[in-house]
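Notes follow once the structure below has been shown.
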Amino acid sequence: MSAVPLRWRLSPFARAPGFADWLILTAIVVVAVAAAFPLAWMALTSLMTPAETMRTPPVWIPATPSLDAYAKVADVIQAGRSFLNSAIIATTTTLGILITSLLAGFAFAKYQFRGRNVIFALVVATMFLPPIVTLIPLYRLVGYLRIDGGLMGVIAPNLANAFGIFLMRQFISGVPDDLIDAGRMDGASELRILFSIVAPSVTPAIAALALFAFVYHWNSYLWPLTVLEGHTENYPIVISLSRLLSYNRGAMNTNLVMAGATLAVLPPLILFAFLQRFFVDSIVSSGLKG
Amino acid sequence: MSALAARRPLFVMLSPALSLLGVFIAAPMALTIWLSFQDWSTETGFGEARFAGLDNFRAIFGPTSVGRDFTGASVNTGLYTLGSVALILPLSVALGLLVYQRRVRGGVTLRTILFSTYMTPMIAVALVWSKLYSPSDGPINQMLGWVGLPPGRWLSSPDTALSSIVILNVWQQVGYFTVLAVAGLTQIPVSLHEAAALDGAGPLRRFIFVTLPLLRRTLLFSAVIAVINAVQVFEPVALITQGGPVGSTNVLTYHIRRVGIERSQGGLGSAMAVMLMLALIVTVVALFALARRIEDDGP
């Protein structure tokens, strides 16, 4: 069994393929193509000329790829400003979530106090609360706080998050108590222990949470739309993109719409490409240890 | 260490997260419940609310257009949730097996492709799919033509619009559930499969009697998450169909926002939100009860 012929090492098969192996390979290819098709079509169409997008039968691959649509769409949706808004919202929210989750996760994992399990259960329960349930009063509440219409109104309600606290508690529970006690013996403060002993030993979980939070808040739509209504200068890219919908009726501007969609997709996908290992590990542990 | 000194770090650690969750989640949740019993316009302060008893609930279950719209949105959300869960669970197991198997390479690449769609902002998904679905010049109908199938009307027909949104939602989310399924498969001891194979069980019997029963907890978790995700569907409806054609894609998240924010009927919208919350709790409890019964009767 161990002597695998060279040709099989270069092929998709681990050994001489039987009928079942061909079936599996076919299934993988079909699923991969079906899953990748919409995004591939989006990227290809964004590189076409308007004439190409209107041709029947349709053109699938642009003859001479052009970035014209990107230049034009950047103008229509004020891409620069929107990108900046998205970056500010996603980055600030992510930093807030990291800090509040590390602090609370540490307390729930390593401190004994009355009501700990009840409070933790209540926090976790909010993870399952659909945002629409609190949307109406929250909309009025940010008005009272005078942060509606601005980036702070988008950011503030999301600075703490149950999933983050849950994830941090799960991972910090695994940090040996001896390590923490050693820090206390040295006279380190609790905050110092958290940030210079505990946090470094849960770096993969922190990376995962940072990426989740960033992507989630980059993509988030319902709350920014509600709280920013009309304040177009503060729109993140995903809201600005909805302006392209009116362009989506005819075939003529399809390349423009797809260029806009590609721009919005790139940051989360690039992040994911670099750090997918962390994403997958943390989904697995959040699902299993729960 | 004195009791007070011991408490101070605890306070420092917990107060940022708990006060934020208190102000922005617990308080709005309580307000939603309170407002559901009030006559209140979203444009005014909470102080303007007037107690209205059960009027809001009577209205949303009543025979007027308010009631008909809410019932329609509830039915649509129910169908949408059923359709999503019914597609996502079996698909996630099938795709999970493809990713997990080691006979043919490419599983990890497949996982990356599937999961990358999950990272994609819904607005982009909606923009792309509204074009893919286009009845006249859309690529999906073109491809149906290649294999000799008649073109579909997709989002433009009341009969198929909701299913079309279910499909684009499943396409976007199935990667996440596949990763969960792979995690479940990884937990199944190889020795169980080997023992079953020694007893002469073929791949199909091993799947039914070994794999599926041991995936129960994963499937329960996936079902709960899929239900909670499904009731949140908003972007494709808000962007492409605006609830139409003829109300066929008017789902609760979209409807509650339209009533409570756009029409400023905060009391009515809150009553709908409370009903959604109750329905969700009942569904999740029922899923757990079902999983427990299967566990008791299981092979």
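In the structure tokens, the first chain shown is A, the next is B, and so on; residue numbers restart at 1 for each chain, and ligands run from 1 in the order shown.
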Counting only C-alpha atoms, collect the residues of chain A whose closest atom lies at most 6 Å from chain B, and write them out as a short mmCIF file (atom, residue, chain, number, x, y, z; two decimals) with C-alpha atoms, in the first residue's frame.
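Final file, iface_21.cif:
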data_model
loop_
_atom_site.label_atom_id
_atom_site.label_comp_id
_atom_site.auth_asym_id
_atom_site.auth_seq_id
_atom_site.Cartn_x
_atom_site.Cartn_y
_atom_site.Cartn_z
CA PRO A 12 -6.41 13.78 -7.65
CA PHE A 13 -6.61 10.21 -6.44
CA ALA A 14 -4.83 8.78 -3.41
CA ALA A 32 -17.03 23.58 -6.73
CA THR A 100 -14.84 43.74 25.88
CA LEU A 103 -12.21 41.20 29.66
CA ALA A 104 -15.56 39.47 30.13
CA ILE A 132 -35.03 42.83 14.15
CA VAL A 133 -36.52 42.08 17.59
CA THR A 134 -34.74 45.06 19.17
CA PRO A 137 -36.58 50.77 20.26
CA LEU A 138 -32.86 50.75 19.46
CA PRO A 157 -24.44 49.29 19.84
CA ALA A 160 -19.85 44.14 22.94
CA ASN A 219 -21.05 43.14 5.53
CA ALA A 261 -20.20 44.22 -6.13
CA VAL A 265 -16.54 41.53 -1.87
CA VAL A 284 -15.51 24.10 14.89
#
Between atom CA of Tyr235 of chain A and atom CA of Gly260 of chain A, what distance in Å does the model show, to one decimal?
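Computed distance, atom CA of Tyr235 of chain A to atom CA of Gly260 of chain A, equals 14.4 Å.
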Per DSSP on the backbone, filter segment 45-188 of chain A down to the residues in alpha helix (DSSP H) and report them as number ranges by chain.
A: 45-46, 50-54, 68-76, 79-110, 116-125, 132-144, 151-155, 162-173, 177-185
Excluding Ile119 of chain A and residues on its chain fewer than 5 positions from it, collect all residues at most 10 Å away from it, counting only C-alpha atoms, and give them as a compact mmCIF listing (two decimals) with N, CA and C atoms, in the first residue's frame.
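Below is the file that was written, around_37.txt:
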# COMPACT_ATOMS: atom_id res chain seq x y z
N PHE A 108 -15.48 35.35 33.16
CA PHE A 108 -16.34 34.16 33.18
C PHE A 108 -15.53 32.87 33.24
N ARG A 114 -20.79 35.00 42.53
CA ARG A 114 -22.18 34.59 42.62
C ARG A 114 -22.93 34.95 41.34
N VAL A 124 -25.14 34.51 26.67
CA VAL A 124 -25.15 33.59 25.53
C VAL A 124 -26.52 33.62 24.83
N ALA A 125 -27.59 33.76 25.62
CA ALA A 125 -28.93 33.78 25.03
C ALA A 125 -29.07 34.92 24.03
N LEU B 18 -21.00 44.04 30.02
CA LEU B 18 -22.37 43.92 30.53
C LEU B 18 -23.14 45.22 30.41
For Ser136 of chain B, please output as a CSV table (one decimal) with C-alpha atoms, in the first residue's frame all residues within 12 Å (counting only C-alpha atoms; exclusion window: fewer than 4 positions along the same chain).
chain,number,residue,atom,x,y,z
A,54,MET,CA,-25.7,43.2,-23.9
A,56,THR,CA,-27.1,37.6,-27.3
A,57,PRO,CA,-26.1,34.9,-27.0
A,58,PRO,CA,-24.2,36.1,-24.0
A,249,ARG,CA,-32.8,46.9,-14.7
A,250,GLY,CA,-31.3,47.0,-18.1
A,251,ALA,CA,-28.3,45.0,-19.4
B,130,SER,CA,-30.8,39.4,-9.4
B,131,LYS,CA,-28.9,39.4,-12.7
B,132,LEU,CA,-28.3,35.6,-12.8
B,140,ILE,CA,-29.4,30.7,-15.4
B,141,ASN,CA,-32.1,30.6,-18.0
B,142,GLN,CA,-29.4,30.4,-20.7
B,145,GLY,CA,-31.7,26.3,-22.4
B,150,PRO,CA,-37.8,25.8,-20.3
B,151,PRO,CA,-36.7,29.2,-18.8
B,152,GLY,CA,-37.9,30.0,-15.3
B,153,ARG,CA,-39.5,33.3,-14.2
B,154,TRP,CA,-37.6,33.2,-10.9
B,155,LEU,CA,-38.0,36.4,-8.9
B,156,SER,CA,-40.6,37.9,-11.2
Distance atom CA of Asp148 of chain A-atom CA of His231 of chain A, one decimal place?
9.6 Å
Atom CA of Pro90 of chain B and atom CA of Arg205 of chain B, how far apart in Å?
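That distance, rounded to one decimal, is 16.8 Å.
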Return the single residue from B:Gln242, B:Ser191, B:Asn56, B:Asn169 that is closest to Trp34 of chain B, with distances computed using only C-alpha atoms.
B:Asn56
Residues flagged strand (DSSP E or B) by DSSP in segment 13-73 of chain B, as an MDAnalysis selection string:
chainID B and resid 38:39 41 50:51
Go ahead and write the residues just picked, N, CA and C atoms, as a PDB file, in the first residue's frame.
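Saved result, part.pdb, follows:
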ATOM      1  N   GLN B  38     -48.397  49.240  23.761  1.00  0.00           N
ATOM      2  CA  GLN B  38     -48.616  50.685  23.727  1.00  0.00           C
ATOM      3  C   GLN B  38     -49.034  51.136  22.324  1.00  0.00           C
ATOM      4  N   ASP B  39     -49.720  52.266  22.318  1.00  0.00           N
ATOM      5  CA  ASP B  39     -49.960  52.966  21.063  1.00  0.00           C
ATOM      6  C   ASP B  39     -48.837  53.995  20.956  1.00  0.00           C
ATOM      7  N   SER B  41     -45.897  56.103  18.249  1.00  0.00           N
ATOM      8  CA  SER B  41     -45.269  56.383  16.965  1.00  0.00           C
ATOM      9  C   SER B  41     -43.763  56.429  17.143  1.00  0.00           C
ATOM     10  N   ARG B  50     -48.902  55.520  24.770  1.00  0.00           N
ATOM     11  CA  ARG B  50     -50.130  55.385  25.566  1.00  0.00           C
ATOM     12  C   ARG B  50     -50.516  53.922  25.645  1.00  0.00           C
ATOM     13  N   PHE B  51     -50.848  53.496  26.868  1.00  0.00           N
ATOM     14  CA  PHE B  51     -51.193  52.093  27.056  1.00  0.00           C
ATOM     15  C   PHE B  51     -52.386  51.708  26.178  1.00  0.00           C
TER      16      PHE B  51
END
Excluding Ser201 of chain A and its own-chain neighbours fewer than 5 positions away, which residues fall within 12 Å of it when counting only C-alpha atoms? Please give them as a PyMOL selection string.
chain A and resi 168+171-176+179-180+193-196+206-207
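Summary of the local environment: counting only C-alpha atoms, residues at most 9 Å from Ile167 of chain B, other than itself and those fewer than 6 positions away along its chain, are Gly83, Ser84 and Leu87 of chain B.
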Limited to C-alpha atoms, could you put the picked residues into a file as a PDB file, in the first residue's frame?
ATOM      1  CA  GLY B  83     -37.248  25.497   2.781  1.00  0.00           C
ATOM      2  CA  SER B  84     -33.859  26.755   3.962  1.00  0.00           C
ATOM      3  CA  LEU B  87     -32.112  22.162   1.909  1.00  0.00           C
TER       4      LEU B  87
END
Ranking A:Asn253, A:Trp60, A:Thr232, A:Arg243 by minimum distance to Gly149 of chain A and counting only C-alpha atoms, which one comes first?
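Ranked by minimum distance to Gly149 of chain A, first place goes to A:Thr232.
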